[in-house]
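**Student:** run_34.cif is reproduced in full below (mmCIF, C-alpha atoms; chains and numbers go by the auth columns).
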data_data
#
loop_
_atom_site.group_PDB
_atom_site.id
_atom_site.type_symbol
_atom_site.label_atom_id
_atom_site.label_comp_id
_atom_site.label_asym_id
_atom_site.label_seq_id
_atom_site.Cartn_x
_atom_site.Cartn_y
_atom_site.Cartn_z
_atom_site.B_iso_or_equiv
_atom_site.auth_seq_id
_atom_site.auth_asym_id
ATOM 1 C CA MET A 1 -70.736 -27.943 159.711 0.00 213 H
ATOM 2 C CA ARG A 2 -70.521 -24.578 157.961 0.00 214 H
ATOM 3 C CA TYR A 3 -67.572 -22.320 158.790 0.00 215 H
ATOM 4 C CA LEU A 4 -67.562 -18.650 157.776 0.00 216 H
ATOM 5 C CA PHE A 5 -64.496 -16.384 157.898 0.00 217 H
ATOM 6 C CA GLN A 6 -65.068 -12.639 157.949 0.00 218 H
ATOM 7 C CA GLY A 7 -62.709 -9.683 157.862 0.00 219 H
ATOM 8 C CA ASP A 8 -60.513 -7.502 155.665 0.00 220 H
ATOM 9 C CA SER A 9 -57.705 -8.162 153.181 0.00 221 H
ATOM 10 C CA ILE A 10 -55.952 -10.572 155.544 0.00 222 H
ATOM 11 C CA THR A 11 -58.980 -12.838 155.307 0.00 223 H
ATOM 12 C CA ASP A 12 -59.846 -11.922 151.707 0.00 224 H
ATOM 13 C CA TRP A 13 -56.376 -12.670 150.299 0.00 225 H
ATOM 14 C CA GLY A 14 -57.175 -13.227 146.650 0.00 226 H
ATOM 15 C CA ARG A 15 -60.828 -14.255 146.771 0.00 227 H
ATOM 16 C CA GLY A 16 -61.647 -12.246 143.664 0.00 228 H
ATOM 17 C CA LYS A 17 -65.291 -13.296 143.390 0.00 229 H
ATOM 18 C CA TYR A 18 -67.031 -11.274 146.088 0.00 230 H
ATOM 19 C CA ASP A 19 -70.416 -12.660 145.091 0.00 231 H
ATOM 20 C CA ASP A 20 -69.245 -16.213 145.789 0.00 232 H
ATOM 21 C CA PRO A 21 -68.520 -17.076 149.441 0.00 233 H
ATOM 22 C CA HIS A 22 -67.131 -20.424 148.312 0.00 234 H
ATOM 23 C CA ALA A 23 -64.155 -18.565 146.774 0.00 235 H
ATOM 24 C CA THR A 24 -61.894 -18.873 149.799 0.00 236 H
ATOM 25 C CA GLY A 25 -58.820 -17.101 148.408 0.00 237 H
ATOM 26 C CA CYS A 26 -55.207 -18.089 149.028 0.00 238 H
ATOM 27 C CA GLY A 27 -54.720 -17.259 152.718 0.00 239 H
ATOM 28 C CA TYR A 28 -55.475 -18.835 156.071 0.00 240 H
ATOM 29 C CA PRO A 29 -59.130 -19.661 155.211 0.00 241 H
ATOM 30 C CA ARG A 30 -57.871 -21.712 152.261 0.00 242 H
ATOM 31 C CA ILE A 31 -55.405 -23.561 154.494 0.00 243 H
ATOM 32 C CA LEU A 32 -58.198 -24.328 156.923 0.00 244 H
ATOM 33 C CA GLU A 33 -60.586 -25.316 154.145 0.00 245 H
ATOM 34 C CA ALA A 34 -58.106 -27.942 152.999 0.00 246 H
ATOM 35 C CA GLU A 35 -57.696 -29.397 156.477 0.00 247 H
ATOM 36 C CA LEU A 36 -61.318 -29.187 157.591 0.00 248 H
ATOM 37 C CA THR A 37 -62.854 -30.601 154.431 0.00 249 H
ATOM 38 C CA ALA A 38 -60.270 -33.380 154.264 0.00 250 H
ATOM 39 C CA ALA A 39 -61.287 -34.479 157.742 0.00 251 H
ATOM 40 C CA ASP A 40 -65.067 -34.081 157.339 0.00 252 H
ATOM 41 C CA ARG A 41 -66.953 -34.638 154.087 0.00 253 H
ATOM 42 C CA ASP A 42 -69.959 -32.719 155.446 0.00 254 H
ATOM 43 C CA CYS A 43 -67.859 -29.640 156.230 0.00 255 H
ATOM 44 C CA GLU A 44 -68.297 -26.407 154.249 0.00 256 H
ATOM 45 C CA VAL A 45 -65.909 -23.443 154.437 0.00 257 H
ATOM 46 C CA LEU A 46 -66.959 -19.945 153.310 0.00 258 H
ATOM 47 C CA ASN A 47 -64.974 -16.719 153.110 0.00 259 H
ATOM 48 C CA CYS A 48 -66.562 -13.260 152.989 0.00 260 H
ATOM 49 C CA GLY A 49 -63.504 -11.195 153.849 0.00 261 H
ATOM 50 C CA ILE A 50 -63.196 -8.063 151.715 0.00 262 H
ATOM 51 C CA SER A 51 -60.030 -6.022 151.316 0.00 263 H
ATOM 52 C CA GLY A 52 -60.173 -2.622 152.989 0.00 264 H
ATOM 53 C CA SER A 53 -63.020 -3.475 155.342 0.00 265 H
ATOM 54 C CA ARG A 54 -63.396 -1.649 158.653 0.00 266 H
ATOM 55 C CA VAL A 55 -65.855 -2.730 161.321 0.00 267 H
ATOM 56 C CA VAL A 56 -68.449 -0.305 159.913 0.00 268 H
ATOM 57 C CA ASP A 57 -68.114 -2.005 156.522 0.00 269 H
ATOM 58 C CA LEU A 58 -68.802 -5.358 158.149 0.00 270 H
ATOM 59 C CA LEU A 59 -72.010 -4.004 159.631 0.00 271 H
ATOM 60 C CA ALA A 60 -73.139 -2.595 156.288 0.00 272 H
ATOM 61 C CA ARG A 61 -72.941 -6.001 154.606 0.00 273 H
ATOM 62 C CA TRP A 62 -73.616 -8.233 157.610 0.00 274 H
ATOM 63 C CA LYS A 63 -77.032 -9.565 156.625 0.00 275 H
ATOM 64 C CA LYS A 64 -75.928 -10.596 153.133 0.00 276 H
ATOM 65 C CA ASP A 65 -72.441 -11.780 154.018 0.00 277 H
ATOM 66 C CA CYS A 66 -73.159 -13.485 157.323 0.00 278 H
ATOM 67 C CA LEU A 67 -76.714 -13.834 158.585 0.00 279 H
ATOM 68 C CA ASN A 68 -78.163 -15.059 155.297 0.00 280 H
ATOM 69 C CA LEU A 69 -75.419 -17.693 155.053 0.00 281 H
ATOM 70 C CA LYS A 70 -76.358 -19.217 158.443 0.00 282 H
ATOM 71 C CA PRO A 71 -72.894 -20.410 159.515 0.00 283 H
ATOM 72 C CA ASP A 72 -72.437 -22.787 162.436 0.00 284 H
ATOM 73 C CA VAL A 73 -69.030 -21.305 163.268 0.00 285 H
ATOM 74 C CA LEU A 74 -68.177 -17.676 162.531 0.00 286 H
ATOM 75 C CA THR A 75 -64.686 -16.195 162.757 0.00 287 H
ATOM 76 C CA ILE A 76 -64.047 -12.438 162.648 0.00 288 H
ATOM 77 C CA LEU A 77 -60.687 -10.693 162.173 0.00 289 H
ATOM 78 C CA ILE A 78 -61.124 -6.921 161.898 0.00 290 H
ATOM 79 C CA GLY A 79 -59.475 -3.741 163.159 0.00 291 H
ATOM 80 C CA VAL A 80 -56.271 -2.906 161.334 0.00 292 H
ATOM 81 C CA ASN A 81 -58.007 -0.804 158.656 0.00 293 H
ATOM 82 C CA ASP A 82 -59.890 1.099 161.340 0.00 294 H
ATOM 83 C CA VAL A 83 -56.419 2.423 162.229 0.00 295 H
ATOM 84 C CA TRP A 84 -54.659 2.358 158.849 0.00 296 H
ATOM 85 C CA HIS A 85 -57.376 4.292 157.036 0.00 297 H
ATOM 86 C CA GLU A 86 -57.151 7.041 159.629 0.00 298 H
ATOM 87 C CA LEU A 87 -53.385 7.359 159.240 0.00 299 H
ATOM 88 C CA GLY A 88 -53.604 7.304 155.452 0.00 300 H
ATOM 89 C CA SER A 89 -56.791 9.178 154.579 0.00 301 H
ATOM 90 C CA GLN A 90 -58.397 10.234 157.874 0.00 302 H
ATOM 91 C CA ASN A 91 -61.204 7.740 157.292 0.00 303 H
ATOM 92 C CA GLY A 92 -60.645 5.366 160.180 0.00 304 H
ATOM 93 C CA VAL A 93 -62.986 4.309 162.970 0.00 305 H
ATOM 94 C CA ALA A 94 -62.405 5.757 166.438 0.00 306 H
ATOM 95 C CA PRO A 95 -62.184 3.312 169.363 0.00 307 H
ATOM 96 C CA ALA A 96 -65.575 4.176 170.889 0.00 308 H
ATOM 97 C CA LEU A 97 -67.356 3.711 167.568 0.00 309 H
ATOM 98 C CA PHE A 98 -65.349 0.572 166.812 0.00 310 H
ATOM 99 C CA GLU A 99 -66.568 -0.950 170.076 0.00 311 H
ATOM 100 C CA GLU A 100 -70.170 0.141 169.598 0.00 312 H
ATOM 101 C CA VAL A 101 -70.403 -1.197 166.052 0.00 313 H
ATOM 102 C CA TYR A 102 -68.632 -4.448 166.961 0.00 314 H
ATOM 103 C CA ARG A 103 -71.141 -4.969 169.752 0.00 315 H
ATOM 104 C CA ILE A 104 -74.031 -4.378 167.329 0.00 316 H
ATOM 105 C CA VAL A 105 -72.577 -6.942 164.906 0.00 317 H
ATOM 106 C CA LEU A 106 -72.320 -9.551 167.636 0.00 318 H
ATOM 107 C CA ARG A 107 -75.715 -8.794 169.143 0.00 319 H
ATOM 108 C CA GLU A 108 -77.456 -9.004 165.767 0.00 320 H
ATOM 109 C CA THR A 109 -75.691 -12.270 164.992 0.00 321 H
ATOM 110 C CA PHE A 110 -76.889 -13.952 168.170 0.00 322 H
ATOM 111 C CA ALA A 111 -80.402 -12.541 167.692 0.00 323 H
ATOM 112 C CA VAL A 112 -80.699 -14.205 164.277 0.00 324 H
ATOM 113 C CA LEU A 113 -78.446 -17.233 164.863 0.00 325 H
ATOM 114 C CA PRO A 114 -78.735 -18.032 168.582 0.00 326 H
ATOM 115 C CA GLY A 115 -76.877 -21.349 168.344 0.00 327 H
ATOM 116 C CA ILE A 116 -73.837 -20.019 166.497 0.00 328 H
ATOM 117 C CA ARG A 117 -70.272 -20.342 167.773 0.00 329 H
ATOM 118 C CA ILE A 118 -68.154 -17.221 167.257 0.00 330 H
ATOM 119 C CA ILE A 119 -64.361 -16.955 167.341 0.00 331 H
ATOM 120 C CA LEU A 120 -62.858 -13.465 167.513 0.00 332 H
ATOM 121 C CA MET A 121 -59.262 -12.910 166.432 0.00 333 H
ATOM 122 C CA GLY A 122 -57.396 -9.847 167.658 0.00 334 H
ATOM 123 C CA THR A 123 -55.758 -7.715 165.006 0.00 335 H
ATOM 124 C CA PHE A 124 -51.952 -7.435 164.911 0.00 336 H
ATOM 125 C CA VAL A 125 -48.994 -5.647 163.353 0.00 337 H
ATOM 126 C CA THR A 126 -45.285 -6.267 162.984 0.00 338 H
ATOM 127 C CA HIS A 127 -42.519 -3.948 161.855 0.00 339 H
ATOM 128 C CA GLY A 128 -42.627 -3.388 158.102 0.00 340 H
ATOM 129 C CA THR A 129 -42.840 -0.833 155.323 0.00 341 H
ATOM 130 C CA ALA A 130 -46.500 -0.028 156.042 0.00 342 H
ATOM 131 C CA THR A 131 -46.134 0.305 159.794 0.00 343 H
ATOM 132 C CA ASP A 132 -42.640 1.673 160.479 0.00 344 H
ATOM 133 C CA PRO A 133 -43.216 5.282 159.288 0.00 345 H
ATOM 134 C CA GLU A 134 -45.683 5.792 162.164 0.00 346 H
ATOM 135 C CA TRP A 135 -44.839 2.746 164.218 0.00 347 H
ATOM 136 C CA GLU A 136 -45.689 3.951 167.711 0.00 348 H
ATOM 137 C CA THR A 137 -49.080 5.342 166.699 0.00 349 H
ATOM 138 C CA PHE A 138 -49.877 2.372 164.479 0.00 350 H
ATOM 139 C CA TYR A 139 -48.991 -0.188 167.139 0.00 351 H
ATOM 140 C CA ASN A 140 -50.738 1.595 170.000 0.00 352 H
ATOM 141 C CA GLU A 141 -53.934 2.233 168.050 0.00 353 H
ATOM 142 C CA VAL A 142 -54.072 -1.369 166.846 0.00 354 H
ATOM 143 C CA LYS A 143 -53.595 -2.483 170.457 0.00 355 H
ATOM 144 C CA ILE A 144 -56.612 -0.412 171.494 0.00 356 H
ATOM 145 C CA ARG A 145 -58.799 -2.192 168.911 0.00 357 H
ATOM 146 C CA ARG A 146 -57.331 -5.531 169.927 0.00 358 H
ATOM 147 C CA ASP A 147 -58.135 -4.869 173.585 0.00 359 H
ATOM 148 C CA ILE A 148 -61.693 -3.956 172.596 0.00 360 H
ATOM 149 C CA THR A 149 -61.983 -7.211 170.655 0.00 361 H
ATOM 150 C CA ARG A 150 -60.791 -9.152 173.686 0.00 362 H
ATOM 151 C CA ARG A 151 -63.361 -7.384 175.871 0.00 363 H
ATOM 152 C CA MET A 152 -66.086 -8.227 173.367 0.00 364 H
ATOM 153 C CA ALA A 153 -65.046 -11.878 173.522 0.00 365 H
ATOM 154 C CA GLU A 154 -65.221 -11.814 177.313 0.00 366 H
ATOM 155 C CA GLU A 155 -68.548 -9.972 177.363 0.00 367 H
ATOM 156 C CA PHE A 156 -70.224 -12.349 174.908 0.00 368 H
ATOM 157 C CA ARG A 157 -68.318 -15.423 176.191 0.00 369 H
ATOM 158 C CA LEU A 158 -66.647 -16.122 172.873 0.00 370 H
ATOM 159 C CA ASP A 159 -63.408 -17.811 171.906 0.00 371 H
ATOM 160 C CA TYR A 160 -60.546 -15.361 171.391 0.00 372 H
ATOM 161 C CA VAL A 161 -57.269 -15.675 169.476 0.00 373 H
ATOM 162 C CA ASP A 162 -54.495 -13.210 170.357 0.00 374 H
ATOM 163 C CA LEU A 163 -52.723 -12.959 167.003 0.00 375 H
ATOM 164 C CA GLN A 164 -50.339 -10.276 168.252 0.00 376 H
ATOM 165 C CA GLN A 165 -48.970 -12.775 170.737 0.00 377 H
ATOM 166 C CA VAL A 166 -48.777 -15.401 167.997 0.00 378 H
ATOM 167 C CA PHE A 167 -46.742 -13.126 165.719 0.00 379 H
ATOM 168 C CA ASP A 168 -44.597 -11.806 168.575 0.00 380 H
ATOM 169 C CA GLU A 169 -43.631 -15.332 169.527 0.00 381 H
ATOM 170 C CA ALA A 170 -42.922 -16.223 165.899 0.00 382 H
ATOM 171 C CA GLN A 171 -40.549 -13.262 165.642 0.00 383 H
ATOM 172 C CA GLU A 172 -38.460 -14.741 168.430 0.00 384 H
ATOM 173 C CA LYS A 173 -37.521 -17.459 165.930 0.00 385 H
ATOM 174 C CA GLN A 174 -37.566 -15.630 162.582 0.00 386 H
ATOM 175 C CA PRO A 175 -37.578 -11.911 161.665 0.00 387 H
ATOM 176 C CA ALA A 176 -40.772 -9.971 160.965 0.00 388 H
ATOM 177 C CA GLU A 177 -40.375 -10.151 157.183 0.00 389 H
ATOM 178 C CA ARG A 178 -40.702 -13.934 157.371 0.00 390 H
ATOM 179 C CA TRP A 179 -44.221 -13.516 158.752 0.00 391 H
ATOM 180 C CA THR A 180 -45.585 -10.340 157.131 0.00 392 H
ATOM 181 C CA ILE A 181 -44.992 -8.655 153.801 0.00 393 H
ATOM 182 C CA ASP A 182 -45.319 -5.077 155.032 0.00 394 H
ATOM 183 C CA GLY A 183 -46.129 -5.252 158.742 0.00 395 H
ATOM 184 C CA VAL A 184 -49.852 -5.845 158.111 0.00 396 H
ATOM 185 C CA HIS A 185 -50.361 -8.480 155.420 0.00 397 H
ATOM 186 C CA PRO A 186 -49.100 -11.982 156.216 0.00 398 H
ATOM 187 C CA THR A 187 -46.719 -13.968 154.085 0.00 399 H
ATOM 188 C CA ALA A 188 -47.573 -17.596 153.325 0.00 400 H
ATOM 189 C CA ALA A 189 -45.866 -18.489 156.598 0.00 401 H
ATOM 190 C CA GLY A 190 -47.879 -15.830 158.387 0.00 402 H
ATOM 191 C CA HIS A 191 -51.126 -17.236 157.058 0.00 403 H
ATOM 192 C CA TRP A 192 -50.008 -20.637 158.281 0.00 404 H
ATOM 193 C CA LEU A 193 -49.467 -19.140 161.747 0.00 405 H
ATOM 194 C CA ILE A 194 -53.004 -17.754 161.792 0.00 406 H
ATOM 195 C CA ALA A 195 -54.433 -21.083 160.673 0.00 407 H
ATOM 196 C CA GLN A 196 -52.589 -22.971 163.415 0.00 408 H
ATOM 197 C CA ALA A 197 -53.696 -20.492 166.075 0.00 409 H
ATOM 198 C CA TRP A 198 -57.298 -20.762 164.873 0.00 410 H
ATOM 199 C CA LYS A 199 -57.185 -24.570 165.001 0.00 411 H
ATOM 200 C CA LYS A 200 -55.934 -24.461 168.583 0.00 412 H
ATOM 201 C CA ALA A 201 -58.737 -22.095 169.625 0.00 413 H
ATOM 202 C CA ALA A 202 -61.392 -24.022 167.706 0.00 414 H
ATOM 203 C CA GLY A 203 -60.222 -27.353 169.044 0.00 415 H
ATOM 204 C CA VAL A 204 -60.032 -29.023 165.656 0.00 416 H
#
Let's see the structure in the file written out as structure tokens.

**Tutor:**
Amino acid sequence: MRYLFQGDSITDWGRGKYDDPHATGCGYPRILEAELTAADRDCEVLNCGISGSRVVDLLARWKKDCLNLKPDVLTILIGVNDVWHELGSQNGVAPALFEEVYRIVLRETFAVLPGIRIILMGTFVTHGTATDPEWETFYNEVKIRRDITRRMAEEFRLDYVDLQQVFDEAQEKQPAERWTIDGVHPTAAGHWLIAQAWKKAAGV
């Protein structure tokens, strides 16, 4: 079984070697690699997350970083940079384009890999140094992309993980800074949360 994780810096998290999908980094894919490969000697875990990626960046590298790798299970976490890059440098991805490109990514994946299982994870934010200066806009725009991701999961009949709910529930027990460094990037505990939520959705 070959698992591929795709996304931005949250998935990347220290990969370093972008030409080597076996470099899984130090985040939730690494946690899952440890558990999955310990349980199954024939299991392979790949990570092609790249820091800064928006959905349009995924599309640009999709053949090389997904289709050519022929995963059995694909997980995508994307969306926060589509908002953050707009707030910081006016280079984000508007909701309508985000949805259109996401749909193209999914359609092309099923066209080439018809037997693949895909798990979509909804993007999230907490309060933090990166999000608080424009909190209302940041949160609401991320929610729009998360709602689009959920609709894509429903449309294509995919598994969906609501990470905003996961982090909201975690903050009922511990403050936001326990789970994210800056409101966007998870701490070690935050990566653990994502890994546990993924395992529940994947049924492993």

**Student:** Pull out every residue that the PyMOL selection byres ((chain H and resi 351) around 12) matches in the shown coordinates and put them as an MDAnalysis selection string.

**Tutor:** chainID H and resid 291:292 295:296 299 335:340 342:350 352:358 376 395:396

**Student:** I'd like the residues picked by the PyMOL selection byres ((chain H and resi 281) around 10) written out as a count of residues only, using the chain letters and numbers from the file.

**Tutor:** 15

**Student:** Using only C-alpha atoms, pick whichever of H:Leu289, H:Leu375, H:Ile406, H:Ala382 has the shortest atom-to-atom distance to Val267 in chain H.

**Tutor:**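 The closest residue to Val267 in chain H is H:Leu289.
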
**Student:** Closest to Thr287 in chain H among H:Ala388, H:Ala306, H:Leu244, H:Leu405, using all atoms listed in the file?

**Tutor:**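 Using all atoms listed in the file, Thr287 in chain H sits closest to H:Leu244.
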
**Student:** Which one is closest to Gly402 in chain H: H:Leu270, H:Ile316, H:Ala414, H:Ile243? Count all atoms listed in the file.

**Tutor:**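 Closest to Gly402 in chain H, using all atoms listed in the file: H:Ile243.
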
**Student:** Run the PyMOL selection byres ((chain H and resi 224-232) around 12) against the file shown and list the residues it catches, as a ChimeraX atom specification.

**Tutor:** /H:216-223,233-243,257-265,273,276-277,281,288-290,397-400,403

**Student:** Measuring between only C-alpha atoms, which one of H:Ala409, H:Leu309, H:Ala401, H:Val317 shows the shortest distance to Gly334 in chain H?

**Tutor:**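 Smallest separation from Gly334 in chain H among the options: H:Ala409.
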
**Student:** For CA of Thr361 in chain H and CA of Lys412 in chain H, quote the distance in Å rounded to one decimal.

**Tutor:**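 Interatomic distance, CA of Thr361 in chain H to CA of Lys412 in chain H: 18.4 Å.
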